[in-house]
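**Q** For reference, this is coords-v5.txt, and it has compact mmCIF, C-alpha atoms.
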```txt
# COMPACT_ATOMS: atom_id res chain seq x y z
CA MET A 1 0.00 0.00 0.00
CA PRO A 2 1.42 3.44 -0.85
CA GLY A 3 1.93 5.81 2.08
CA PRO A 4 -0.18 8.92 2.72
CA ALA A 5 0.32 11.95 0.49
CA VAL A 6 -0.69 15.60 0.43
CA PRO A 7 -1.47 17.83 -2.57
CA VAL A 8 1.06 20.53 -3.40
CA PRO A 9 -0.47 23.96 -4.15
CA GLY A 10 0.40 25.66 -7.40
CA PRO A 11 0.22 29.37 -8.31
CA CYS A 12 -2.53 31.34 -6.54
CA GLY A 13 -2.98 28.47 -4.08
CA GLN A 14 -4.70 25.95 -6.38
CA THR A 15 -3.56 22.37 -6.20
CA ASN A 16 -1.83 21.34 -9.39
CA GLY A 17 -2.35 17.61 -9.17
CA ARG A 18 1.09 16.84 -7.73
CA LEU A 19 1.22 14.79 -4.55
CA VAL A 20 4.03 14.55 -2.05
CA LYS A 21 4.33 11.24 -0.23
CA LEU A 22 4.73 11.66 3.51
CA SER A 23 6.07 8.17 4.18
CA GLY A 24 9.81 7.99 4.71
CA MET A 25 9.98 11.59 5.92
CA THR A 26 11.13 12.76 9.33
CA PRO A 27 8.42 14.32 11.55
CA GLU A 28 9.83 17.76 10.75
CA GLU A 29 9.71 17.09 7.00
CA ARG A 30 6.17 15.74 7.20
CA PHE A 31 5.10 18.79 9.19
CA GLN A 32 6.60 21.24 6.67
CA ALA A 33 5.06 19.28 3.78
CA LEU A 34 1.64 19.74 5.37
CA ILE A 35 2.32 23.45 5.85
CA ASP A 36 3.46 23.83 2.24
CA ALA A 37 0.31 22.03 1.08
CA GLU A 38 -1.83 24.60 2.96
CA GLU A 39 -3.12 21.98 5.38
CA LYS A 40 -4.24 23.23 8.81
CA ILE A 41 -2.33 22.06 11.85
CA GLU A 42 -4.69 21.00 14.63
CA PRO A 43 -4.02 20.63 18.39
CA THR A 44 -3.61 16.82 18.26
CA ASP A 45 -1.17 16.94 15.32
CA TRP A 46 2.56 16.58 15.83
CA MET A 47 4.35 19.93 15.68
CA PRO A 48 7.91 21.14 16.37
CA GLU A 49 8.40 22.68 19.79
CA GLY A 50 9.54 25.88 18.10
CA TYR A 51 6.23 26.12 16.25
CA ARG A 52 4.30 25.55 19.47
CA ALA A 53 6.39 28.11 21.38
CA THR A 54 6.04 30.70 18.61
CA LEU A 55 2.27 30.29 18.57
CA ILE A 56 1.99 30.51 22.36
CA ARG A 57 4.04 33.71 22.36
CA GLN A 58 2.09 35.29 19.51
CA ILE A 59 -1.41 34.24 20.55
CA ALA A 60 -0.76 35.20 24.18
CA GLN A 61 0.54 38.62 23.15
CA HIS A 62 -2.54 39.07 21.00
CA ALA A 63 -4.86 38.02 23.84
CA HIS A 64 -3.10 40.31 26.32
CA SER A 65 -3.43 43.19 23.84
CA GLU A 66 -7.18 42.69 23.51
CA VAL A 67 -7.67 42.74 27.29
CA ILE A 68 -5.27 45.62 28.01
CA GLY A 69 -6.78 47.44 25.03
CA MET A 70 -10.09 47.69 26.87
CA GLN A 71 -8.59 50.22 29.28
CA PRO A 72 -7.86 53.29 27.10
CA GLU A 73 -11.39 53.33 25.68
CA GLY A 74 -13.12 52.03 28.79
CA ASN A 75 -11.76 55.15 30.43
CA TRP A 76 -14.23 57.14 28.29
CA ILE A 77 -17.43 55.12 28.82
CA THR A 78 -18.65 57.37 31.65
CA ARG A 79 -17.58 60.51 29.76
CA ALA A 80 -18.92 59.74 26.29
CA PRO A 81 -20.71 62.79 24.84
CA SER A 82 -24.11 61.09 24.53
CA LEU A 83 -26.01 57.99 25.60
CA HIS A 84 -25.81 56.76 22.00
CA ARG A 85 -22.02 57.09 22.00
CA LYS A 86 -21.81 55.41 25.38
CA ALA A 87 -23.81 52.39 24.19
CA ILE A 88 -21.61 51.98 21.11
CA LEU A 89 -18.42 52.27 23.14
CA MET A 90 -19.65 49.75 25.72
CA ALA A 91 -20.39 47.29 22.91
CA LYS A 92 -16.92 47.78 21.49
CA VAL A 93 -15.15 47.27 24.81
CA GLN A 94 -17.25 44.16 25.37
CA ASP A 95 -16.12 42.87 21.97
CA GLU A 96 -12.48 43.30 23.02
CA ALA A 97 -13.10 41.22 26.13
CA GLY A 98 -14.60 38.51 23.94
CA HIS A 99 -11.60 38.60 21.62
CA GLY A 100 -9.32 38.04 24.58
CA LEU A 101 -11.37 35.01 25.63
CA TYR A 102 -11.27 33.52 22.10
CA LEU A 103 -7.52 33.94 21.98
CA TYR A 104 -6.76 32.60 25.45
CA SER A 105 -8.88 29.57 24.49
CA ALA A 106 -6.84 29.15 21.30
CA ALA A 107 -3.62 29.32 23.32
CA GLU A 108 -4.91 26.68 25.74
CA THR A 109 -5.15 24.19 22.86
CA LEU A 110 -1.34 24.33 22.83
CA GLY A 111 -1.07 22.99 26.37
CA VAL A 112 -0.87 26.17 28.47
CA ARG A 113 -3.34 27.66 30.94
CA ARG A 114 -4.58 31.22 30.70
CA ASP A 115 -3.70 31.93 34.34
CA GLU A 116 -0.10 30.97 33.51
CA LEU A 117 -0.11 33.37 30.57
CA GLN A 118 -1.55 36.19 32.67
CA GLU A 119 1.07 35.59 35.36
CA LEU A 120 3.82 35.84 32.73
CA LEU A 121 2.28 39.14 31.62
CA HIS A 122 2.36 40.57 35.13
CA GLN A 123 5.93 39.34 35.60
CA GLY A 124 6.95 41.30 32.52
CA LYS A 125 7.88 38.14 30.61
CA HIS A 126 5.04 38.54 28.11
CA LYS A 127 4.31 41.62 26.03
CA TYR A 128 1.20 43.30 24.67
CA SER A 129 0.83 45.84 21.89
CA SER A 130 2.82 48.96 22.77
CA ILE A 131 0.06 51.20 21.33
CA PHE A 132 -1.95 50.82 24.53
CA ASN A 133 0.74 52.49 26.61
CA TYR A 134 -0.37 55.94 25.45
CA PRO A 135 -3.10 57.97 27.23
CA THR A 136 -6.51 58.85 25.81
CA LEU A 137 -6.68 62.58 26.53
CA THR A 138 -9.82 63.60 24.62
CA TRP A 139 -12.91 62.06 23.04
CA ALA A 140 -11.14 62.37 19.68
CA ASP A 141 -8.61 59.83 20.95
CA VAL A 142 -11.41 57.25 21.05
CA GLY A 143 -12.05 58.00 17.39
CA ALA A 144 -8.35 57.85 16.52
CA ILE A 145 -7.99 54.48 18.26
CA GLY A 146 -10.89 53.03 16.29
CA TRP A 147 -9.74 54.49 12.99
CA LEU A 148 -5.97 54.02 13.27
CA VAL A 149 -5.34 51.35 15.89
CA ASP A 150 -8.14 49.04 14.82
CA GLY A 151 -7.36 49.82 11.19
CA ALA A 152 -3.76 48.71 11.76
CA ALA A 153 -5.02 45.66 13.63
CA ILE A 154 -7.24 44.65 10.70
CA THR A 155 -4.34 45.09 8.27
CA ASN A 156 -2.24 42.80 10.44
CA GLN A 157 -4.93 40.29 11.35
CA VAL A 158 -6.65 39.56 8.04
CA MET A 159 -3.66 37.44 7.05
CA LEU A 160 -4.03 35.52 10.32
CA THR A 161 -7.34 34.09 9.11
CA ARG A 162 -5.07 32.00 6.86
CA CYS A 163 -2.66 31.08 9.65
CA SER A 164 -1.48 27.46 9.48
CA TYR A 165 -2.74 26.73 13.01
CA GLY A 166 -6.44 25.90 12.83
CA PRO A 167 -7.76 27.21 16.18
CA TYR A 168 -5.99 30.56 15.72
CA SER A 169 -7.13 31.03 12.12
CA ARG A 170 -10.75 30.23 12.98
CA ALA A 171 -10.78 32.64 15.93
CA MET A 172 -9.43 35.36 13.66
CA VAL A 173 -12.34 35.07 11.22
CA ARG A 174 -14.79 36.32 13.83
CA ILE A 175 -12.37 38.80 15.38
CA CYS A 176 -11.66 40.48 12.02
CA LYS A 177 -15.38 40.90 11.33
CA GLU A 178 -15.85 42.67 14.65
CA GLU A 179 -12.69 44.76 14.25
CA SER A 180 -14.05 46.09 10.96
CA PHE A 181 -17.02 47.50 12.91
CA HIS A 182 -14.61 49.07 15.40
CA GLN A 183 -12.64 50.74 12.63
CA ARG A 184 -15.78 52.20 11.05
CA GLN A 185 -16.99 53.40 14.46
CA GLY A 186 -13.72 55.24 15.05
CA TYR A 187 -13.68 56.81 11.61
CA GLU A 188 -17.27 57.98 12.06
CA ILE A 189 -16.28 59.75 15.29
CA MET A 190 -13.44 61.51 13.48
CA MET A 191 -15.75 62.48 10.62
CA ARG A 192 -18.31 64.00 12.98
CA LEU A 193 -15.61 66.02 14.71
CA CYS A 194 -14.22 67.23 11.38
CA GLN A 195 -17.72 68.32 10.33
CA GLY A 196 -18.19 70.22 13.59
CA THR A 197 -16.71 73.41 14.99
CA PRO A 198 -13.12 74.50 14.27
CA GLU A 199 -12.29 73.48 17.84
CA GLN A 200 -13.68 69.99 17.27
CA LYS A 201 -11.75 69.57 14.03
CA GLN A 202 -8.58 70.71 15.79
CA MET A 203 -9.26 68.11 18.48
CA ALA A 204 -9.38 65.45 15.74
CA GLN A 205 -6.13 66.75 14.23
CA ASP A 206 -4.42 66.71 17.63
CA ALA A 207 -5.47 63.09 18.13
CA LEU A 208 -4.15 62.12 14.69
CA ASP A 209 -0.87 63.89 15.48
CA ARG A 210 -0.43 61.82 18.66
CA TRP A 211 -1.59 58.43 17.39
CA TRP A 212 -0.16 58.29 13.86
CA TRP A 213 3.37 57.20 14.70
CA PRO A 214 2.40 54.75 17.47
CA ALA A 215 -0.02 53.18 14.96
CA LEU A 216 2.85 52.63 12.50
CA MET A 217 4.86 51.07 15.33
CA MET A 218 2.16 48.41 15.77
CA PHE A 219 3.59 46.44 12.85
CA GLY A 220 6.82 45.85 14.72
CA PRO A 221 10.45 46.50 13.76
CA HIS A 222 11.79 46.55 10.23
CA ASP A 223 11.98 43.12 8.61
CA SER A 224 15.77 43.25 8.84
CA ASP A 225 15.52 43.69 12.63
CA SER A 226 12.74 41.18 13.30
CA THR A 227 13.87 37.99 15.01
CA HIS A 228 10.69 36.01 14.33
CA THR A 229 9.40 37.00 10.88
CA GLU A 230 11.41 34.64 8.67
CA GLN A 231 10.58 31.47 10.61
CA SER A 232 6.96 32.51 11.17
CA MET A 233 6.53 32.99 7.43
CA GLN A 234 8.11 29.61 6.65
CA TRP A 235 5.61 28.00 9.02
CA LYS A 236 2.83 30.19 7.54
CA ILE A 237 1.88 31.50 10.94
CA LYS A 238 2.51 34.86 9.32
CA ARG A 239 1.91 35.53 5.63
CA VAL A 240 3.13 39.10 5.08
CA SER A 241 6.19 40.86 6.51
CA ASN A 242 6.14 43.80 8.94
CA ASP A 243 7.27 46.38 6.39
CA GLU A 244 4.79 45.19 3.75
CA LEU A 245 1.91 45.42 6.23
CA ARG A 246 3.00 48.89 7.34
CA GLN A 247 3.05 50.03 3.71
CA GLN A 248 -0.45 48.62 3.14
CA PHE A 249 -1.72 50.55 6.16
CA VAL A 250 -0.18 53.85 5.03
CA ASP A 251 -1.54 53.44 1.50
CA MET A 252 -5.01 52.73 2.88
CA THR A 253 -5.09 55.45 5.54
CA VAL A 254 -3.67 58.52 3.80
CA PRO A 255 -6.68 58.91 1.44
CA GLN A 256 -8.99 58.50 4.44
CA ALA A 257 -7.22 61.36 6.23
CA GLU A 258 -7.44 63.51 3.11
CA TYR A 259 -11.19 62.90 2.92
CA LEU A 260 -11.52 64.13 6.51
CA GLY A 261 -9.45 67.21 5.72
CA LEU A 262 -6.79 66.18 8.23
CA THR A 263 -3.01 66.30 7.78
CA ILE A 264 -0.81 63.27 8.40
CA PRO A 265 1.99 64.47 10.74
CA ASP A 266 4.83 63.42 8.44
CA PRO A 267 6.65 66.02 6.31
CA ASP A 268 8.26 63.21 4.30
CA LEU A 269 4.94 61.68 3.24
CA LYS A 270 4.43 61.78 -0.52
CA TRP A 271 3.06 59.60 -3.31
CA ASN A 272 5.72 57.74 -5.28
CA PRO A 273 4.34 57.03 -8.78
CA GLU A 274 7.22 54.72 -9.65
CA ARG A 275 6.56 52.44 -6.68
CA GLY A 276 2.81 52.94 -6.71
CA HIS A 277 2.93 53.53 -2.95
CA TYR A 278 3.35 56.37 -0.48
CA ASP A 279 6.85 57.13 0.78
CA PHE A 280 6.88 58.06 4.46
CA GLY A 281 9.32 59.12 7.15
CA GLU A 282 11.30 56.97 9.54
CA ILE A 283 9.75 55.85 12.80
CA ASP A 284 11.38 56.91 16.08
CA TRP A 285 12.65 53.45 16.96
CA ASP A 286 14.17 54.67 20.23
CA GLU A 287 10.67 55.54 21.41
CA PHE A 288 9.35 52.20 20.12
CA TRP A 289 11.86 50.15 22.11
CA ARG A 290 11.51 52.38 25.17
CA VAL A 291 7.77 51.71 25.30
CA VAL A 292 8.16 47.99 24.50
CA LYS A 293 10.60 47.67 27.40
CA GLY A 294 8.06 49.10 29.82
CA HIS A 295 8.93 52.79 29.94
CA GLY A 296 5.98 54.29 28.09
CA PRO A 297 3.58 56.87 29.51
CA MET A 298 1.03 54.30 30.75
CA ASN A 299 2.87 50.97 31.12
CA ARG A 300 2.57 50.75 34.90
CA ASP A 301 -1.05 51.91 34.94
CA ARG A 302 -2.10 49.33 32.37
CA LEU A 303 -0.68 46.38 34.29
CA ALA A 304 -1.95 47.72 37.62
CA HIS A 305 -5.52 47.18 36.41
```
Please rewrite the model in this file as structure tokens.
**A**
Amino acid sequence: MPGPAVPVPGPCGQTNGRLVKLSGMTPEERFQALIDAEEKIEPTDWMPEGYRATLIRQIAQHAHSEVIGMQPEGNWITRAPSLHRKAILMAKVQDEAGHGLYLYSAAETLGVRRDELQELLHQGKHKYSSIFNYPTLTWADVGAIGWLVDGAAITNQVMLTRCSYGPYSRAMVRICKEESFHQRQGYEIMMRLCQGTPEQKQMAQDALDRWWWPALMMFGPHDSDSTHTEQSMQWKIKRVSNDELRQQFVDMTVPQAEYLGLTIPDPDLKWNPERGHYDFGEIDWDEFWRVVKGHGPMNRDRLAH
């Protein structure tokens, strides 16, 4: 009897009729053959310890970010400008709590407990998205978070719906649908402010000025400085590199800012017709690493709650 085989995808992901026999392969070779064939890895499947560890780190960081991310906006629930706005914001914060639960559950399929992950967070051994270490000073910040932060999250997370690990990819399908609502909610807040008084439009501009660069930092360091990207892409945990995702976000967001009549706070921002993309300035990486290492404006406050 011939051994088991998997189809090998051709261009654009279609199978091209070729089969790769798995018999005679090492466990590592069989695993990579399944990955290359676009097969999902499930909790009971054999996987390299490095793959498991990478997923635990990434999913835990994502879960922590959803839970910590409730704080900056939750801070405005009692101060929302109307009952209507309050109800929408409460629904959004509740969604973030649900996302955290989905993701902790996905991490638990890898053999860890959520209380262990939360303890590692409080010990400083786990990270969460550095964007949440900045304060929300005005109501416009709630709009900027929805528009920019959730917009960056969607850019980063859509590819995760195709992650090679089944439980993570399935959780991301629902999360991305809800994040798209969050992004539209934030943009609508910014639009209302820009259609209001000069003071309200200036409030929106001030929020954009403060949140633009932290939003670009959400995609992580340059590809050349990322310690995890290459292996994560080989395992198809990640599908697109940090710099490519950041470029996608800039290209998507600049026209949205122009429609609002707001100015992106980057004097180097300009359309490059040869590349077909926007060129933009360099991120302050010293600030990025300072916040990641726990020295941002709100790091201590976030973990205290």
**Q** Can you work out the spacing between CA of Pro135 in chain A and CA of Trp211 in chain A in Å, to one decimal?
**A**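 Between CA of Pro135 in chain A and CA of Trp211 in chain A the gap is 10.0 Å.
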**Q** Check the smallest atom-to-atom distance from each of A:Tyr165, A:Leu245, A:Leu262, A:Gly74 to Phe31 in chain A using all atoms listed in the file, then report the winner.
**A**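 So, comparing all the options, the nearest one is A:Tyr165.
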**Q** Give the padded box for range 34-50 of chain A as lines of an AutoDock Vina configuration file: axis-aligned, covering all atoms listed in the file, 8 Å on each side, centre and edge lengths in Å to one decimal.
**A**
```
center_x = 2.4
center_y = 21.2
center_z = 10.4
size_x = 30.2
size_y = 25.3
size_z = 34.7
```
**Q** What residues have an atom no more than 12 Å from (-10.9, 30.8, 10.5) in the file's own frame, counting only C-alpha atoms, and can you write them as a list in words?
**A**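 The residues that fall inside the cut-off are Lys40, Tyr102, Ala106, Gln157, Val158, Met159, Leu160, Thr161, Arg162, Cys163, Ser164, Tyr165, Gly166, Pro167, Tyr168, Ser169, Arg170, Ala171, Met172, Val173, Arg174, Ile175, Cys176 and Lys177 of chain A.
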**Q** Give me the range 185-280 of chain A side of the contact with range 80-96 of chain A, cut-off 12 Å, one line per residue showing its nearest atom pair and distance in Å at one decimal, counting only C-alpha atoms, sorted by chain and residue number, as a tab-separated table.
**A**
```
residue	atom	partner	partner_atom	distance
A:Gln185	CA	A:Ile88	CA	8.2
A:Gly186	CA	A:Leu89	CA	9.8
A:Glu188	CA	A:Arg85	CA	11.1
A:Ile189	CA	A:Arg85	CA	9.2
A:Arg192	CA	A:Arg85	CA	12.0
A:Leu193	CA	A:Pro81	CA	11.8
```
**Q** Considering all atoms listed in the file, can you say which of A:Asp150, A:Pro198, A:Ile131, A:Met203 comes closest to Trp289 in chain A?
**A**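 Smallest distance to Trp289 in chain A is found for A:Ile131.
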**Q** Smallest atom-to-atom distance to Val254 in chain A: which of A:Val292, A:Ala33, A:Leu269, A:Ala53, using all atoms listed in the file?
**A**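 The closest residue to Val254 in chain A is A:Leu269.
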**Q** Can you pull out every residue within 9 Å of Gln247 in chain A, counting only C-alpha atoms, but drop anything in the same chain fewer than 2 positions away, and send it as a PyMOL selection string?
**A** chain A and resi 242-245+249-252+277-280
**Q** Have a look at CA of Arg275 in chain A and CA of Arg210 in chain A and let me know their distance in Å, one decimal.
**A**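 Computing the Euclidean distance for CA of Arg275 in chain A and CA of Arg210 in chain A yields 27.9 Å.
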**Q** Would you work out the distance separating CA of Gly111 in chain A from CA of Met25 in chain A, expressed in Å to one decimal?
**A**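 Computing it gives 25.9 Å between the two atoms.
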**Q** I'd like the contact shell of Met298 in chain A - 10 Å cut-off, all atoms listed in the file, skipping same-chain residues fewer than 3 positions apart - returned as a ChimeraX atom specification.
**A** /A:72,130-135,291,294-295,301-304
**Q** At a cut-off of 12 Å, can you tabulate as a Markdown table every residue of range 45-99 of chain A near range 220-233 of chain A together with its closest atom pair and the distance in Å to one decimal, using only C-alpha atoms and ordering rows by chain then number?
**A**
```
| residue | atom | partner | partner_atom | distance |
| --- | --- | --- | --- | --- |
| A:Gly50 | CA | A:Gln231 | CA | 9.4 |
| A:Tyr51 | CA | A:Ser232 | CA | 8.2 |
| A:Arg52 | CA | A:Ser232 | CA | 11.2 |
| A:Ala53 | CA | A:Ser232 | CA | 11.1 |
| A:Thr54 | CA | A:Ser232 | CA | 7.7 |
| A:Leu55 | CA | A:Ser232 | CA | 9.0 |
| A:Arg57 | CA | A:His228 | CA | 10.7 |
| A:Gln58 | CA | A:Ser232 | CA | 10.0 |
```
**Q** Just want the 10 Å neighbourhood of Ala152 in chain A, counted on only C-alpha atoms, with same-chain residues fewer than 5 positions away dropped. Output as a PyMOL selection string.
**A** chain A and resi 145-147+157+183+215-219+245-246+248-250+252-253
**Q** May I have the protein, DNA and RNA residues with any atom at most 10 Å from the point (-2.9, 31.3, 26.8), counting all atoms listed in the file, written as a PyMOL selection string?
**A** chain A and resi 55-64+100-118
**Q** Between A:Tyr187, A:Gln200, A:Gln195, A:Lys125, which one has atoms that come closest to Thr138 in chain A, using all atoms listed in the file?
**A**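 Among the listed residues, the smallest separation from Thr138 in chain A belongs to A:Gln200.
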